[in-house]
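A.B. asks: Got entry07.pdb for you, PDB, C-alpha atoms:
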```pdb
ATOM      1  CA  MET W  26     121.152-250.347 127.676
ATOM      2  CA  ASP W  27     123.150-247.468 126.174
ATOM      3  CA  GLY W  28     121.889-244.050 125.149
ATOM      4  CA  PHE W  29     121.479-245.032 121.517
ATOM      5  CA  GLN W  30     119.314-248.068 122.282
ATOM      6  CA  LYS W  31     117.144-246.071 124.678
ATOM      7  CA  ALA W  32     116.643-243.293 122.132
ATOM      8  CA  LEU W  33     115.934-245.767 119.323
ATOM      9  CA  MET W  34     113.337-247.713 121.310
ATOM     10  CA  SER W  35     111.726-244.580 122.716
ATOM     11  CA  SER W  36     111.486-242.482 119.546
ATOM     12  CA  PHE W  37     111.368-245.170 116.862
ATOM     13  CA  PRO W  38     109.695-248.311 118.250
ATOM     14  CA  GLY W  39     109.557-251.166 115.787
ATOM     15  CA  SER W  40     112.958-250.381 114.283
ATOM     16  CA  MET W  41     115.161-253.219 113.096
ATOM     17  CA  GLY W  42     118.481-253.642 111.349
ATOM     18  CA  GLU W  43     118.377-252.237 107.829
ATOM     19  CA  ARG W  44     119.655-255.435 106.207
ATOM     20  CA  GLU W  45     117.221-257.555 108.185
ATOM     21  CA  PHE W  46     114.309-255.298 107.287
ATOM     22  CA  ILE W  47     114.932-255.095 103.538
ATOM     23  CA  SER W  48     115.546-258.857 103.341
ATOM     24  CA  MET W  49     112.296-259.499 105.192
ATOM     25  CA  ILE W  50     110.358-257.082 102.969
ATOM     26  CA  ALA W  51     111.807-258.735  99.866
ATOM     27  CA  LEU W  52     110.584-262.110 101.135
ATOM     28  CA  ASN W  53     107.114-260.774 101.935
ATOM     29  CA  LEU W  54     106.826-259.026  98.571
ATOM     30  CA  SER W  55     107.937-262.162  96.739
ATOM     31  CA  LEU W  56     104.796-263.820  98.108
ATOM     32  CA  LYS W  57     102.845-261.072  96.339
ATOM     33  CA  GLY W  58     104.657-261.565  93.039
ATOM     34  CA  PHE W  59     107.463-258.988  93.302
ATOM     35  CA  THR W  60     110.823-260.709  92.861
ATOM     36  CA  LYS W  61     114.354-259.785  91.908
ATOM     37  CA  GLY W  62     114.410-259.431  88.135
ATOM     38  CA  ASN W  63     110.675-259.046  87.514
ATOM     39  CA  CYS W  64     110.214-255.562  89.008
ATOM     40  CA  ILE W  65     112.023-252.243  89.205
ATOM     41  CA  PRO W  66     112.802-250.794  92.630
ATOM     42  CA  ILE W  67     112.324-247.020  92.704
ATOM     43  CA  VAL W  68     114.188-245.644  95.704
ATOM     44  CA  GLY W  69     113.877-242.260  97.366
ATOM     45  CA  CYS W  70     116.189-241.333 100.217
ATOM     46  CA  CYS W  71     118.354-238.327 101.035
ATOM     47  CA  ARG W  72     121.282-237.361  98.806
ATOM     48  CA  ASP W  73     123.591-237.864 101.818
ATOM     49  CA  GLU W  74     126.349-240.394 101.081
ATOM     50  CA  ILE W  75     125.673-242.342 104.281
ATOM     51  CA  CYS W  76     122.244-243.267 102.903
ATOM     52  CA  ILE W  77     123.926-245.525 100.354
ATOM     53  CA  THR W  78     123.550-248.482 102.726
ATOM     54  CA  LEU W  79     119.809-248.506 102.020
ATOM     55  CA  MET W  80     120.424-248.395  98.271
ATOM     56  CA  ASP W  81     122.902-251.269  98.571
ATOM     57  CA  GLU W  82     120.414-253.469 100.431
ATOM     58  CA  VAL W  83     117.689-252.697  97.899
ATOM     59  CA  LYS W  84     119.998-253.635  95.027
ATOM     60  CA  ALA W  85     121.054-256.867  96.738
ATOM     61  CA  ASN W  86     117.443-257.943  97.225
ATOM     62  CA  PHE W  87     115.619-256.469  94.235
ATOM     63  CA  GLY W  88     118.277-255.718  91.601
ATOM     64  CA  ASP W  89     119.225-252.459  89.897
ATOM     65  CA  TYR W  90     117.155-249.505  91.064
ATOM     66  CA  PHE W  91     115.935-246.193  89.688
ATOM     67  CA  SER W  92     116.922-243.360  92.033
ATOM     68  CA  ILE W  93     114.527-240.581  93.001
ATOM     69  CA  ARG W  94     116.787-239.290  95.762
ATOM     70  CA  GLY W  95     116.252-235.732  96.932
ATOM     71  CA  LEU W  96     117.392-233.476  99.754
ATOM     72  CA  GLY W  97     115.930-234.681 103.036
ATOM     73  CA  GLY W  98     114.544-237.763 101.298
ATOM     74  CA  PHE W  99     111.858-235.662  99.610
ATOM     75  CA  ILE W 100     110.754-236.443  96.068
ATOM     76  CA  PHE W 101     111.499-233.854  93.400
ATOM     77  CA  SER W 102     111.697-236.018  90.272
ATOM     78  CA  GLY W 103     108.046-235.346  89.438
ATOM     79  CA  THR W 104     105.821-237.167  86.990
ATOM     80  CA  SER W 105     108.518-237.099  84.301
ATOM     81  CA  GLY W 106     111.004-238.885  86.546
ATOM     82  CA  PHE W 107     108.450-241.482  87.590
ATOM     83  CA  SER W 108     107.331-242.054  84.027
ATOM     84  CA  ALA W 109     110.944-242.698  83.060
ATOM     85  CA  ALA W 110     111.324-245.201  85.905
ATOM     86  CA  HIS W 111     108.135-246.994  84.923
ATOM     87  CA  HIS W 112     109.325-247.394  81.347
ATOM     88  CA  HIS W 113     112.443-249.170  82.650
ATOM     89  CA  SER W 114     110.486-251.905  84.389
ATOM     90  CA  PRO W 115     110.628-255.506  83.208
ATOM     91  CA  LEU W 116     107.381-256.769  81.676
ATOM     92  CA  VAL W 117     105.764-259.918  83.028
ATOM     93  CA  SER W 118     102.919-261.140  80.816
ATOM     94  CA  GLY W 119     102.680-257.605  79.488
ATOM     95  CA  LYS W 120     102.486-256.063  82.969
ATOM     96  CA  SER W 121     104.979-253.848  84.824
ATOM     97  CA  LYS W 122     105.887-254.133  88.500
ATOM     98  CA  TYR W 123     107.210-251.243  90.621
ATOM     99  CA  VAL W 124     108.520-251.288  94.199
ATOM    100  CA  TYR W 125     108.719-247.813  95.743
ATOM    101  CA  ILE W 126     110.962-247.537  98.801
ATOM    102  CA  VAL W 127     111.096-244.082 100.404
ATOM    103  CA  ALA W 128     112.607-242.783 103.639
ATOM    104  CA  PRO W 129     114.083-239.647 105.179
ATOM    105  CA  HIS W 130     116.892-240.286 107.646
ATOM    106  CA  ILE W 131     118.220-239.325 111.060
ATOM    107  CA  GLY W 132     121.373-240.020 113.048
ATOM    108  CA  ILE W 133     121.474-241.029 116.702
ATOM    109  CA  SER W 134     124.773-240.885 118.595
ATOM    110  CA  LYS W 135     125.958-243.501 121.100
ATOM    111  CA  ASP W 136     124.797-241.095 123.818
ATOM    112  CA  GLY W 137     121.312-240.930 122.326
ATOM    113  CA  ILE W 138     121.631-237.461 120.792
ATOM    114  CA  MET W 139     119.257-237.021 117.858
ATOM    115  CA  GLY W 140     120.630-235.703 114.587
ATOM    116  CA  LYS W 141     124.217-236.853 115.136
ATOM    117  CA  CYS W 142     126.130-239.507 113.218
ATOM    118  CA  SER W 143     129.633-240.706 112.385
ATOM    119  CA  ARG W 144     131.316-240.061 109.039
ATOM    120  CA  GLU W 145     134.462-241.576 107.613
ATOM    121  CA  GLY W 146     137.472-239.283 107.975
ATOM    122  CA  ARG W 147     135.822-236.985 110.528
ATOM    123  CA  ASP W 148     136.530-237.306 114.247
ATOM    124  CA  ALA W 149     133.734-235.037 115.435
ATOM    125  CA  ALA W 150     130.053-235.976 115.235
ATOM    126  CA  SER W 151     128.281-234.846 112.088
ATOM    127  CA  SER W 152     124.656-233.926 111.400
ATOM    128  CA  ALA W 153     122.055-236.189 109.795
ATOM    129  CA  CYS W 154     119.833-235.251 108.228
ATOM    130  CA  GLY W 155     121.626-231.953 107.544
ATOM    131  CA  ALA W 156     118.666-230.542 105.616
ATOM    132  CA  LEU W 157     116.135-231.451 108.305
ATOM    133  CA  CYS W 158     118.485-230.214 111.041
ATOM    134  CA  GLY W 159     118.797-226.909 109.178
ATOM    135  CA  PHE W 160     115.031-226.588 108.856
ATOM    136  CA  TYR W 161     114.610-227.520 112.531
ATOM    137  CA  ASP W 162     117.038-224.819 113.674
ATOM    138  CA  ASN W 163     115.260-222.208 111.557
ATOM    139  CA  PHE W 164     111.881-223.428 112.803
ATOM    140  CA  LYS W 165     112.919-223.019 116.454
ATOM    141  CA  ALA W 166     114.305-219.549 115.692
ATOM    142  CA  GLY W 167     111.166-218.510 113.821
ATOM    143  CA  LYS W 168     113.109-217.978 110.607
ATOM    144  CA  VAL W 169     111.432-220.529 108.332
ATOM    145  CA  THR W 170     110.303-219.146 104.991
ATOM    146  CA  ALA W 171     107.868-220.630 102.489
ATOM    147  CA  GLN W 172     109.363-218.721  99.573
ATOM    148  CA  LEU W 173     110.692-220.873  96.744
ATOM    149  CA  SER W 174     114.294-220.095  95.826
ATOM    150  CA  MET W 175     115.746-221.097  92.469
ATOM    151  CA  ASP W 176     119.211-220.863  94.063
ATOM    152  CA  ASP W 177     118.237-223.417  96.739
ATOM    153  CA  LEU W 178     115.398-225.209  95.024
ATOM    154  CA  GLU W 179     115.192-228.486  96.937
ATOM    155  CA  MET W 180     115.708-226.978 100.396
ATOM    156  CA  SER W 181     113.109-224.277  99.821
ATOM    157  CA  ALA W 182     110.621-226.766  98.314
ATOM    158  CA  MET W 183     111.202-229.135 101.247
ATOM    159  CA  SER W 184     110.560-226.251 103.653
ATOM    160  CA  GLN W 185     107.270-225.450 101.928
ATOM    161  CA  ILE W 186     106.065-229.044 102.284
ATOM    162  CA  LEU W 187     107.081-229.251 105.934
ATOM    163  CA  ILE W 188     105.408-225.946 106.798
ATOM    164  CA  GLU W 189     102.181-227.284 105.319
ATOM    165  CA  SER W 190     102.566-230.584 107.213
ATOM    166  CA  ILE W 191     103.441-229.388 110.731
ATOM    167  CA  PRO W 192     100.360-228.947 112.953
ATOM    168  CA  TRP W 193      99.822-225.376 114.087
ATOM    169  CA  GLY W 194     101.400-224.607 117.460
ATOM    170  CA  SER W 195     103.579-227.721 117.477
ATOM    171  CA  LYS W 196     106.655-227.836 119.712
ATOM    172  CA  LEU W 197     108.737-230.275 117.749
ATOM    173  CA  ASP W 198     111.838-232.257 118.464
ATOM    174  CA  LEU W 199     113.996-233.566 115.640
ATOM    175  CA  ALA W 200     112.634-237.111 115.874
ATOM    176  CA  GLU W 201     109.062-235.896 115.510
ATOM    177  CA  LEU W 202     110.011-233.646 112.608
ATOM    178  CA  THR W 203     111.566-236.648 110.841
ATOM    179  CA  LYS W 204     108.344-238.627 111.315
ATOM    180  CA  ILE W 205     106.345-235.733 109.861
ATOM    181  CA  ALA W 206     108.736-235.655 106.909
ATOM    182  CA  ALA W 207     108.315-239.409 106.356
ATOM    183  CA  LYS W 208     104.531-239.138 106.341
ATOM    184  CA  ALA W 209     104.610-236.137 104.010
ATOM    185  CA  ILE W 210     106.862-238.001 101.571
ATOM    186  CA  ALA W 211     104.834-241.229 101.597
ATOM    187  CA  GLY W 212     101.356-239.852 102.189
ATOM    188  CA  LYS W 213     101.438-236.714 100.066
ATOM    189  CA  GLN W 214     104.254-236.669  97.541
ATOM    190  CA  LEU W 215     104.450-240.339  96.616
ATOM    191  CA  GLN W 216     100.723-241.041  96.566
ATOM    192  CA  LYS W 217     100.070-237.974  94.414
ATOM    193  CA  VAL W 218     102.620-238.904  91.759
ATOM    194  CA  ILE W 219     101.538-242.579  91.762
ATOM    195  CA  ALA W 220      97.951-241.501  91.144
ATOM    196  CA  ALA W 221      99.121-239.378  88.226
ATOM    197  CA  THR W 222     101.416-241.929  86.580
ATOM    198  CA  VAL W 223     100.338-245.512  87.378
ATOM    199  CA  ASP W 224      97.622-247.404  85.513
ATOM    200  CA  VAL W 225      96.725-250.350  87.767
ATOM    201  CA  ALA W 226      95.333-252.206  84.753
ATOM    202  CA  LYS W 227      98.848-252.289  83.327
ATOM    203  CA  ALA W 228     101.019-252.352  86.438
ATOM    204  CA  ASP W 229     101.227-253.736  89.969
ATOM    205  CA  TYR W 230     103.152-251.835  92.615
ATOM    206  CA  ALA W 231     104.239-251.888  96.227
ATOM    207  CA  VAL W 232     105.094-249.092  98.639
ATOM    208  CA  VAL W 233     107.542-249.433 101.542
ATOM    209  CA  ALA W 234     108.007-246.280 103.615
ATOM    210  CA  GLY W 235     109.773-245.511 106.844
ATOM    211  CA  ILE W 236     112.780-243.794 108.383
ATOM    212  CA  GLN W 237     116.425-244.727 107.891
ATOM    213  CA  ILE W 238     118.376-244.426 111.143
ATOM    214  CA  HIS W 239     122.162-244.213 111.458
ATOM    215  CA  GLY W 240     123.524-245.652 114.676
ATOM    216  CA  PRO W 241     126.959-245.203 116.256
ATOM    217  CA  GLY W 242     129.877-246.080 114.002
ATOM    218  CA  LEU W 243     130.005-246.439 110.239
ATOM    219  CA  LYS W 244     127.366-248.246 108.175
ATOM    220  CA  ASN W 245     125.388-249.184 111.266
ATOM    221  CA  SER W 246     121.922-248.494 109.894
ATOM    222  CA  PHE W 247     118.419-249.317 111.045
ATOM    223  CA  PHE W 248     114.967-248.912 109.537
ATOM    224  CA  CYS W 249     111.754-247.878 111.251
ATOM    225  CA  PRO W 250     108.802-248.768 108.977
ATOM    226  CA  LEU W 251     105.541-246.843 108.788
ATOM    227  CA  PRO W 252     103.018-249.722 108.629
ATOM    228  CA  GLU W 253     100.243-247.534 107.205
ATOM    229  CA  PHE W 254     102.494-246.811 104.231
ATOM    230  CA  CYS W 255     103.652-250.364 103.580
ATOM    231  CA  TYR W 256     101.281-251.962 101.109
ATOM    232  CA  SER W 257     100.930-253.561  97.689
ATOM    233  CA  VAL W 258      98.453-253.023  94.873
ATOM    234  CA  VAL W 259      98.108-256.147  92.721
ATOM    235  CA  ASP W 260      95.418-256.369  90.036
ATOM    236  CA  GLY W 261      94.016-253.145  91.464
ATOM    237  CA  LYS W 262      93.587-254.591  94.971
ATOM    238  CA  LYS W 263      95.362-252.920  97.883
ATOM    239  CA  GLU W 264      96.729-255.089 100.688
ATOM    240  CA  ALA W 265      99.013-254.407 103.644
ATOM    241  CA  VAL W 266     102.576-255.694 103.511
ATOM    242  CA  GLU W 267     103.389-257.655 106.657
ATOM    243  CA  ILE W 268     106.107-256.097 108.820
ATOM    244  CA  GLN W 269     107.280-259.434 110.180
ATOM    245  CA  ASN W 270     108.819-262.649 108.963
ATOM    246  CA  PRO W 271     106.109-264.504 107.013
ATOM    247  CA  PHE W 272     107.108-267.790 108.674
ATOM    248  CA  LYS W 273     106.866-266.436 112.222
ATOM    249  CA  LYS W 274     103.174-267.276 112.689
ATOM    250  CA  LEU W 275     103.693-270.722 111.196
ATOM    251  CA  LEU W 276     106.607-271.425 113.533
ATOM    252  CA  GLU W 277     104.625-270.219 116.546
ATOM    253  CA  PHE W 278     101.720-272.454 115.507
ATOM    254  CA  LEU W 279     103.993-275.481 115.090
ATOM    255  CA  SER W 280     105.655-274.813 118.437
ATOM    256  CA  LEU W 281     102.260-274.682 120.131
ATOM    257  CA  LYS W 282     101.102-277.899 118.489
ATOM    258  CA  ILE W 283     104.296-279.780 119.397
ATOM    259  CA  ASN W 284     103.868-278.752 123.041
ATOM    260  CA  GLU W 285     100.219-279.853 122.945
ATOM    261  CA  ILE W 286     101.196-283.277 121.575
ATOM    262  CA  TYR W 287     103.829-283.802 124.281
ATOM    263  CA  THR W 288     101.364-282.732 126.973
ATOM    264  CA  PHE W 289      98.709-285.075 125.554
ATOM    265  CA  PHE W 290     100.997-288.112 125.822
ATOM    266  CA  GLU W 291     102.363-287.110 129.222
ATOM    267  CA  GLU W 292      98.910-286.738 130.731
ATOM    268  CA  ARG W 293      97.821-290.124 129.434
ATOM    269  CA  SER W 294     101.081-291.890 130.300
ATOM    270  CA  CYS W 295     101.177-293.375 126.823
ATOM    271  CA  PHE W 296     104.958-293.601 127.023
ATOM    272  CA  ASP W 297     107.435-293.680 129.817
ATOM    273  CA  GLY W 298     109.364-290.521 130.482
ATOM    274  CA  GLU W 299     112.498-291.522 128.597
ATOM    275  CA  SER W 300     110.790-292.619 125.390
ATOM    276  CA  LEU W 301     108.655-289.475 125.429
ATOM    277  CA  ARG W 302     111.429-287.032 126.052
ATOM    278  CA  LEU W 303     113.919-288.456 123.584
ATOM    279  CA  PRO W 304     112.174-286.954 120.517
ATOM    280  CA  ALA W 305     111.825-283.665 122.369
ATOM    281  CA  ALA W 306     115.523-283.611 123.154
ATOM    282  CA  VAL W 307     116.299-284.115 119.490
ATOM    283  CA  ILE W 308     113.613-281.938 117.909
ATOM    284  CA  ALA W 309     113.350-278.969 120.265
ATOM    285  CA  PRO W 310     116.924-277.629 119.959
ATOM    286  CA  LYS W 311     116.780-277.808 116.167
ATOM    287  CA  PHE W 312     113.405-276.073 116.182
ATOM    288  CA  GLU W 313     114.630-273.329 118.489
ATOM    289  CA  VAL W 314     117.625-272.618 116.238
ATOM    290  CA  PHE W 315     115.344-272.399 113.184
ATOM    291  CA  HIS W 316     112.881-270.224 115.088
ATOM    292  CA  SER W 317     115.578-267.827 116.317
ATOM    293  CA  HIS W 318     116.870-267.258 112.783
ATOM    294  CA  SER W 319     113.402-266.837 111.331
ATOM    295  CA  SER W 320     111.751-264.589 113.899
ATOM    296  CA  VAL W 321     111.747-260.788 113.767
TER     297      VAL W 321
END
```
Translate the structure described by the file into structure tokens.
C.D. replies:
Amino acid sequence: MDGFQKALMSSFPGSMGEREFISMIALNLSLKGFTKGNCIPIVGCCRDEICITLMDEVKANFGDYFSIRGLGGFIFSGTSGFSAAHHHSPLVSGKSKYVYIVAPHIGISKDGIMGKCSREGRDAASSACGALCGFYDNFKAGKVTAQLSMDDLEMSAMSQILIESIPWGSKLDLAELTKIAAKAIAGKQLQKVIAATVDVAKADYAVVAGIQIHGPGLKNSFFCPLPEFCYSVVDGKKEAVEIQNPFKKLLEFLSLKINEIYTFFEERSCFDGESLRLPAAVIAPKFEVFHSHSSV
């Protein structure tokens, strides 16, 4: 196992390929009534160009999106921006549907170094997220300020939110800071603006929050979901969004039952060995292939 894999599993357990994750979420949300063409995805990630892979996967699975991108993945579009996004949603039986997908990001080098990524046209490692790395360096040096600057509006506003979110006396590393940022975005910023702009009598919505992770090489992205911030609200009822393939439990159940049936006949010698094992030899490989492609 290389440095990247060790760092990914240690700091961001539960991560999976970005394409795999968004495709899986799209499938799970379709079971709740959110499908491509009947909802508007509202996507918040960092302004960094390498974050475009997340936007591309969202578009492929949900259709054209409304961007609420901000420095560090923080949300600065406010109630006006959200209201505009909501008015762009398709109407289904007079009701709107919104899918909010939000995530800060972090790079991890092949050696497992946090905050480092590859960029096209640059030989040396680059920083990601640059804004969070900048805040982190200032935090370690004791130079963080909570003063809002009109000349650096998003960075100074991001710093204010992080200062309020970091527990007193914390000795942070960059991975932990990114997790704090993700929870501040999903748990504070997003929930506040949803409460101010969404009427659940007129709209259903879903929230998918996590951390976008850039691995070694170009466009090698992963996603680490925050399960507590992955949910849907349909007809005013809040439910968790499953962070696994919806067919996984069914496949596991079927696998168990098939094994029980074979064992039942073997124990009772209902068939000779050849006639019993022939169906297994035909069915099992096909089942395993289906299971391997459907499991998470």
A.B. asks: From the set W:Gln172, W:Asn284, W:Asn63, W:Gln269, which residue has the shortest atom-to-atom contact distance to Ser48 of chain W, counting all atoms listed in the file?
C.D. replies: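 With all atoms listed in the file as the atom set, the closest residue is W:Gln269.
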A.B. asks: To one decimal place, how far is atom CA of Asp81 of chain W from atom CA of Ala209 of chain W in Å?
C.D. replies: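 According to the coordinates, atom CA of Asp81 of chain W and atom CA of Ala209 of chain W are separated by 24.4 Å.
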A.B. asks: I'd like the interatomic distance between atom CA of Phe248 of chain W and atom CA of Gly42 of chain W, to a tenth of an Å.
C.D. replies: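 Taking atom CA of Phe248 of chain W and atom CA of Gly42 of chain W, their separation equals 6.2 Å.
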A.B. asks: One decimal, Å: what's the distance from atom CA of Leu96 of chain W over to atom CA of Ile131 of chain W, could you say?
C.D. replies: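 Pair atom CA of Leu96 of chain W / atom CA of Ile131 of chain W returns 12.8 Å.
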A.B. asks: Going by the chain IDs and residue numbers used in this file, which residues fall under the PyMOL selection byres ((chain W and resi 246) around 9)? Write them as a list in words.
C.D. replies: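 When the PyMOL selection byres ((chain W and resi 246) around 9) is applied, the selected residues are Met41, Gly42, Glu43, Arg44, Cys76, Thr78, Leu79, Gln237, Ile238, His239, Gly240, Pro241, Leu243, Lys244, Asn245, Phe247 and Phe248 of chain W.
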A.B. asks: Give as a ChimeraX atom specification the set of residues within 8 Å of the point (105.1, -232.2, 107.1), where distances use the file's coordinates and all atoms listed in the file.
C.D. replies: /W:186-191,202,205-209
A.B. asks: Assuming 6 Å of padding per side, give the centre and edge lengths of the axis-aligned box around every listed atom of segment 52-61 of chain W, in Å to one decimal and as JSON.
C.D. replies:
```
{"center_x": 108.6, "center_y": -261.4, "center_z": 96.9, "size_x": 23.5, "size_y": 16.8, "size_z": 22.0}
```
A.B. asks: Given all atoms listed in the file as the basis, pick out the residue of W:Ala220, W:Ile286, W:Ile50, W:Val124 nearest to Gly62 of chain W.
C.D. replies: W:Val124
A.B. asks: Using all atoms listed in the file, can you tell me which of W:Phe164, W:Trp193, W:Tyr230, W:Phe99 comes closest to Ser114 of chain W?
C.D. replies: W:Tyr230
A.B. asks: Convert the output of the PyMOL selection byres ((chain W and resi 132-147) around 12) on the shown file into explicit residues, formatted as a PyMOL selection string.
C.D. replies: chain W and resi 26-37+73-76+129-131+148-159+161-162+198-203+236-248
A.B. asks: Identify the residues within 9 Å of coordinate (117.8, -234.1, 99.3) (same frame as the file), considering all atoms listed in the file, and give the answer as a PyMOL selection string.
C.D. replies: chain W and resi 70-73+94-101+129+156+179-180+183
A.B. asks: Would you kindly translate the PyMOL selection byres ((chain W and resi 52) around 12) into the concrete residues it picks from this file, as a ChimeraX atom specification?
C.D. replies: /W:45-51,53-61,86-87,266-272,319
A.B. asks: Of the residues W:Gly167, W:Gly235, W:Pro250, W:Gly88, which is the one nearest to Pro66 of chain W, using all atoms listed in the file?
C.D. replies: W:Gly88
A.B. asks: Determine the nearest neighbour of Thr104 of chain W from the options W:Val218, W:Ala85, W:Ile283, W:Ala182, counting all atoms listed in the file.
C.D. replies: W:Val218
A.B. asks: Which residues come within 9 Å of Ile65 of chain W, counting all atoms listed in the file, excluding same-chain residues fewer than 5 positions away, as a list in words?
C.D. replies: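 The residues satisfying every condition are Phe87, Gly88, Asp89, Tyr90, Phe91, Ala110, His111, His113, Ser114, Pro115, Ser121, Lys122, Tyr123, Val124 and Tyr125 of chain W.
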A.B. asks: Using all atoms listed in the file, can you tell me which of W:Lys227, W:Lys213, W:Lys262, W:Lys204 comes closest to Cys249 of chain W?
C.D. replies: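 Checking each candidate against Cys249 of chain W, we get W:Lys204 as the closest.
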